[in-house]
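Structure, as structure tokens:
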Amino acid sequence: SMLTVFLLMPGLIASFFRPMRKTAHRSHVPDITGWGRFLMKSRVAFVALFVIIVPIAIWCSGRTEYAFNDAGIDELKYSESRAAARKITETFANDTTIAVLVPSGNYEAEKQLLREASELDKVKTVTGLANIEIEDGKVLTDSYTPRMFSMLLNIDFEEAEMLYAAYGVENGQYQPIFGNSETYSVPLIDMFLFLFEKIDQGIVTLDADAQQTLDSLRGELERGEAQLRGENWDRMVITADVPIEGEESVALVNELRALADGRYGEGECLVIGDVTSAKELADTFNGDSMLISLLTIAFVFIILLFTFKSVAGAAILVFVIQGSIWINFSFPGMAQKPIFFLSYLIVTAIQMGANIDYAIVISSWYNELKAEMSRREAIVQALNLSFPTVLTSGSILSSAGFLIAQITTEPAIVGIGECLCRGTLISMFLVMFILPQILFLGDGIVERTRFNIKVPEVSRSASG
């Protein structure tokens with residue numbers, strides 16, 4: 001935008017000077033000299049009101065709840081996808097899926113963890129390799145001896161014994177050859193996968209009955225392995241009757257982490273899912289938003305400091321616009337209506353970056369005019385001259401926010417439009433009601449904190 005304004009727009013104005021002059025019309029923006037005189041007569045009334053409102057706004061905005069998943073935001077406009085999701089929830093259940101990743105290989109610890117997780121309140125189902133039953137009381141990760149395996153598949157014991165010996169040799173375990181093969185046991189899933197591999201290679205063949213039994217297990221077992229076992233991690237899938245965000249969800253995640261740490265050691269397992277993503281965003285949001293706000297204020301203050309060459313002058317402008325941000329986000333706090341966290345971050349940046357221009361325009365005119373007339377008359381004229389710019393720019397930005405909120409069906413984007421529209425209107429109100437009185441009352445401090453520095457002359461802002 002800046003490159004366009006400085007490089008393209010001057011050429012366009014020069015090229016289309018005559019058409020612009022022919023199509024010019026009188027200004028429809030009213031003269032507000034009377035409003036400026038009224039502000040000067042009311043002295044500190046609006047400033048006093050602002051000083052009272054700001055602490056309340058800070059407190060209310062601090063109570064605003066932020067959603068870190070769009071499932072926690074109510075839509076204002078009908079959305080087919082949201083309606084379908086709501087119908088599914090009403091028909092079935094509002095279940096949340098959580099995955100627990102544990103180091104591969106310790107099947108006994110997996111079995112115990114699955115059993116303990118299934119006993120937790122709000123947990124509905126728990127699925128893992130160590131609780132998929134093959135037969136009554138026996139699960140996929142239980143260790144089978146050759147005789148048990150032969151009985152399961154209904155094959156000769158000698159065939160099972162030879163299969164176990166081959167498995168042992170391939171894995172560097174020689175007990176079935178040089179020791180007691182009767183006591184040598186292998187997790188059932190590992191033996192099945194070994195057997196599938198050898199059948200595919202044509203090394204092992206089974207009779208029709210055994211092959212039929214194996215085929216009935218193979219598809220389900222391979223799907224289960226693909227979903228639940230990786231190269232270094234095993235996955236447990238837990239469904240629970242908890243929302244994605246909330247105290248119940250956080251408590252459940254903490255319980256699962258405690259159980260996993262107890263079985264595998266602290267920090268050895270991962271608990272992941274929408275619940276944990278939302279929780280981690282919530283844990284870091286306060287610090288991140290504070291840092292972003294402070295950096296935004298600092299950079300805007302530094303820019304204004306070198307533009308107006310007054311510490312107090314820059315501080316006044318930043319304070320007024322930051323006040324509009326506090327007031328803006330006090331509305332969701334008072335209504336106890338959660339907003340999406342990205343809506344807050346985006347609108348805060350836009351409101352401070354764009355709306356500060358309204359304050360700059362008024363302050364620039366005031367600083368220029370007070371050298372030619374009394375301070376009282378200068379503030380009146382500054383308001384009158386700035387009003388077209390503030391009205392035009394503010395109307396465009398607030399209208400854009402309003403239309404975004406009305407047209408889109410995505411709740412997170414609706415929140416951006418709502419907050420942007422409301423924040424712009426609040427900023428316009430503050431710079432037209434509060435800022436003139438603050439500039440007039442604080443003129444002495446502004447002048448005392450002024451410093452001289454040679455900077456290139458810049459024409460006054462015409463925000464857009």
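Letters for chains follow the order of the structure tokens (A, B, ...), residue numbers begin at 1 for each chain, and ligand numbers begin at 1 in the order shown.
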
Item to check | Those in segment 36-211 of chain A with strand (DSSP E) from DSSP, as a list in words | outcome: Tyr66, Ala67, Thr96, Thr97, Ile98, Ala99, Val100, Leu101, Val102, Pro103, Val123, Lys124, Thr125, Val126, Thr127, Glu133, Ile134, Glu135, Lys138, Val139, Ser143, Tyr144, Val186 and Pro187 of chain A

Restricting the output to N, CA and C atoms, write the selected residues as a PDB file, in the first residue's frame.
ATOM      1  N   TYR A  66     -11.030 -16.575  25.585  1.00  0.00           N
ATOM      2  CA  TYR A  66     -10.567 -16.801  24.221  1.00  0.00           C
ATOM      3  C   TYR A  66     -10.701 -18.273  23.874  1.00  0.00           C
ATOM      4  N   ALA A  67     -11.201 -18.527  22.679  1.00  0.00           N
ATOM      5  CA  ALA A  67     -11.338 -19.896  22.187  1.00  0.00           C
ATOM      6  C   ALA A  67     -10.123 -20.224  21.331  1.00  0.00           C
ATOM      7  N   THR A  96     -14.519 -36.568  22.074  1.00  0.00           N
ATOM      8  CA  THR A  96     -13.241 -35.984  21.700  1.00  0.00           C
ATOM      9  C   THR A  96     -12.202 -37.090  21.659  1.00  0.00           C
ATOM     10  N   THR A  97     -11.394 -37.088  20.615  1.00  0.00           N
ATOM     11  CA  THR A  97     -10.376 -38.128  20.452  1.00  0.00           C
ATOM     12  C   THR A  97      -9.024 -37.620  20.932  1.00  0.00           C
ATOM     13  N   ILE A  98      -8.359 -38.449  21.735  1.00  0.00           N
ATOM     14  CA  ILE A  98      -7.027 -38.127  22.254  1.00  0.00           C
ATOM     15  C   ILE A  98      -6.111 -39.292  21.922  1.00  0.00           C
ATOM     16  N   ALA A  99      -4.915 -39.000  21.467  1.00  0.00           N
ATOM     17  CA  ALA A  99      -3.937 -40.049  21.172  1.00  0.00           C
ATOM     18  C   ALA A  99      -2.795 -39.982  22.183  1.00  0.00           C
ATOM     19  N   VAL A 100      -2.352 -41.156  22.604  1.00  0.00           N
ATOM     20  CA  VAL A 100      -1.199 -41.250  23.501  1.00  0.00           C
ATOM     21  C   VAL A 100      -0.127 -42.046  22.773  1.00  0.00           C
ATOM     22  N   LEU A 101       1.043 -41.436  22.573  1.00  0.00           N
ATOM     23  CA  LEU A 101       2.155 -42.126  21.919  1.00  0.00           C
ATOM     24  C   LEU A 101       3.132 -42.611  22.981  1.00  0.00           C
ATOM     25  N   VAL A 102       3.440 -43.909  22.909  1.00  0.00           N
ATOM     26  CA  VAL A 102       4.361 -44.519  23.875  1.00  0.00           C
ATOM     27  C   VAL A 102       5.481 -45.214  23.107  1.00  0.00           C
ATOM     28  N   PRO A 103       6.674 -45.359  23.701  1.00  0.00           N
ATOM     29  CA  PRO A 103       7.765 -46.055  23.023  1.00  0.00           C
ATOM     30  C   PRO A 103       7.384 -47.500  22.706  1.00  0.00           C
ATOM     31  N   VAL A 123     -13.879 -41.317  30.147  1.00  0.00           N
ATOM     32  CA  VAL A 123     -13.309 -42.097  29.044  1.00  0.00           C
ATOM     33  C   VAL A 123     -14.323 -43.145  28.601  1.00  0.00           C
ATOM     34  N   LYS A 124     -14.599 -43.185  27.295  1.00  0.00           N
ATOM     35  CA  LYS A 124     -15.607 -44.104  26.769  1.00  0.00           C
ATOM     36  C   LYS A 124     -14.973 -45.331  26.129  1.00  0.00           C
ATOM     37  N   THR A 125     -13.967 -45.127  25.285  1.00  0.00           N
ATOM     38  CA  THR A 125     -13.287 -46.257  24.648  1.00  0.00           C
ATOM     39  C   THR A 125     -11.787 -46.030  24.657  1.00  0.00           C
ATOM     40  N   VAL A 126     -11.062 -47.120  24.707  1.00  0.00           N
ATOM     41  CA  VAL A 126      -9.601 -47.082  24.650  1.00  0.00           C
ATOM     42  C   VAL A 126      -9.162 -48.172  23.686  1.00  0.00           C
ATOM     43  N   THR A 127      -8.381 -47.813  22.691  1.00  0.00           N
ATOM     44  CA  THR A 127      -7.944 -48.775  21.682  1.00  0.00           C
ATOM     45  C   THR A 127      -6.435 -48.726  21.537  1.00  0.00           C
ATOM     46  N   GLU A 133      -8.422 -58.082  21.322  1.00  0.00           N
ATOM     47  CA  GLU A 133      -8.552 -59.496  21.682  1.00  0.00           C
ATOM     48  C   GLU A 133      -8.509 -60.400  20.455  1.00  0.00           C
ATOM     49  N   ILE A 134      -7.774 -61.504  20.595  1.00  0.00           N
ATOM     50  CA  ILE A 134      -7.721 -62.553  19.575  1.00  0.00           C
ATOM     51  C   ILE A 134      -8.641 -63.699  19.959  1.00  0.00           C
ATOM     52  N   GLU A 135      -8.615 -64.039  21.210  1.00  0.00           N
ATOM     53  CA  GLU A 135      -9.532 -65.041  21.769  1.00  0.00           C
ATOM     54  C   GLU A 135      -9.821 -64.635  23.205  1.00  0.00           C
ATOM     55  N   LYS A 138      -7.220 -63.220  25.671  1.00  0.00           N
ATOM     56  CA  LYS A 138      -5.902 -63.099  25.048  1.00  0.00           C
ATOM     57  C   LYS A 138      -5.921 -61.944  24.046  1.00  0.00           C
ATOM     58  N   VAL A 139      -4.905 -61.107  24.143  1.00  0.00           N
ATOM     59  CA  VAL A 139      -4.844 -59.944  23.258  1.00  0.00           C
ATOM     60  C   VAL A 139      -3.676 -60.062  22.296  1.00  0.00           C
ATOM     61  N   SER A 143       2.271 -62.822  24.681  1.00  0.00           N
ATOM     62  CA  SER A 143       3.296 -63.725  24.148  1.00  0.00           C
ATOM     63  C   SER A 143       2.758 -65.152  24.085  1.00  0.00           C
ATOM     64  N   TYR A 144       2.970 -65.795  22.937  1.00  0.00           N
ATOM     65  CA  TYR A 144       2.509 -67.168  22.700  1.00  0.00           C
ATOM     66  C   TYR A 144       3.723 -68.071  22.516  1.00  0.00           C
ATOM     67  N   VAL A 186       6.803 -65.482  21.881  1.00  0.00           N
ATOM     68  CA  VAL A 186       6.915 -64.296  21.026  1.00  0.00           C
ATOM     69  C   VAL A 186       5.575 -63.571  21.044  1.00  0.00           C
ATOM     70  N   PRO A 187       5.567 -62.232  21.114  1.00  0.00           N
ATOM     71  CA  PRO A 187       4.292 -61.522  21.017  1.00  0.00           C
ATOM     72  C   PRO A 187       3.537 -61.949  19.757  1.00  0.00           C
TER      73      PRO A 187
END

Item to check | For Tyr167 of chain A: contacts at 12 Å, only C-alpha atoms, fewer than 4 positions along chain excluded, given as a VMD selection string | outcome: chain A and resid 146 160 to 163 171 to 177 181 184 to 187 190 to 195 197 to 198

Can you write out the residues you just picked, keeping C-alpha atoms, as an mmCIF file, in the first residue's frame?
data_model
loop_
_atom_site.group_PDB
_atom_site.id
_atom_site.type_symbol
_atom_site.label_atom_id
_atom_site.label_comp_id
_atom_site.auth_asym_id
_atom_site.auth_seq_id
_atom_site.Cartn_x
_atom_site.Cartn_y
_atom_site.Cartn_z
ATOM 1 C CA PRO A 146 4.854 -72.599 19.785
ATOM 2 C CA ALA A 160 4.861 -74.067 14.728
ATOM 3 C CA GLU A 161 8.149 -75.046 16.342
ATOM 4 C CA MET A 162 10.020 -74.666 13.026
ATOM 5 C CA LEU A 163 8.372 -71.265 12.465
ATOM 6 C CA ASN A 171 16.044 -61.888 15.310
ATOM 7 C CA GLY A 172 19.252 -63.218 16.894
ATOM 8 C CA GLN A 173 17.425 -65.340 19.498
ATOM 9 C CA TYR A 174 18.649 -68.940 19.560
ATOM 10 C CA GLN A 175 16.670 -70.409 22.459
ATOM 11 C CA PRO A 176 14.252 -72.346 20.211
ATOM 12 C CA ILE A 177 17.269 -74.093 18.567
ATOM 13 C CA SER A 181 11.578 -74.319 22.521
ATOM 14 C CA TYR A 184 10.186 -69.700 24.055
ATOM 15 C CA SER A 185 7.450 -67.119 23.521
ATOM 16 C CA VAL A 186 6.915 -64.296 21.026
ATOM 17 C CA PRO A 187 4.292 -61.522 21.017
ATOM 18 C CA ASP A 190 5.146 -60.099 15.814
ATOM 19 C CA MET A 191 4.700 -63.762 15.007
ATOM 20 C CA PHE A 192 1.718 -63.057 12.755
ATOM 21 C CA LEU A 193 3.611 -60.381 10.819
ATOM 22 C CA PHE A 194 6.605 -62.735 10.460
ATOM 23 C CA LEU A 195 4.319 -65.477 9.190
ATOM 24 C CA GLU A 197 6.032 -62.139 5.339
ATOM 25 C CA LYS A 198 7.160 -65.752 4.859
#

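The space between atom CA of Val253 of chain A and atom CA of Gly128 of chain A spans 17.4 Å.
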
Next on the checklist: Would you pick out the contacts of Asn286 of chain A at 12 Å or less, using only C-alpha atoms, so that residues sharing its chain but fewer than 2 positions from it are not included, and give the list as a PyMOL selection string?
Outcome noted: chain A and resi 62+64-66+280-284+288-293+341+344-345

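Interatomic distance, atom CA of Ala208 of chain A against atom CA of Ile155 of chain A: 10.6 Å.
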
Item to check | Proximity to Val380 of chain A - best of A:Arg147, A:Lys337, A:Lys41, A:His28, only C-alpha atoms | outcome: A:Lys41

Checklist entry - Suppose you want the space between atom CA of Gln211 of chain A and atom CA of Leu140 of chain A; what is it in Å? => result 18.4 Å
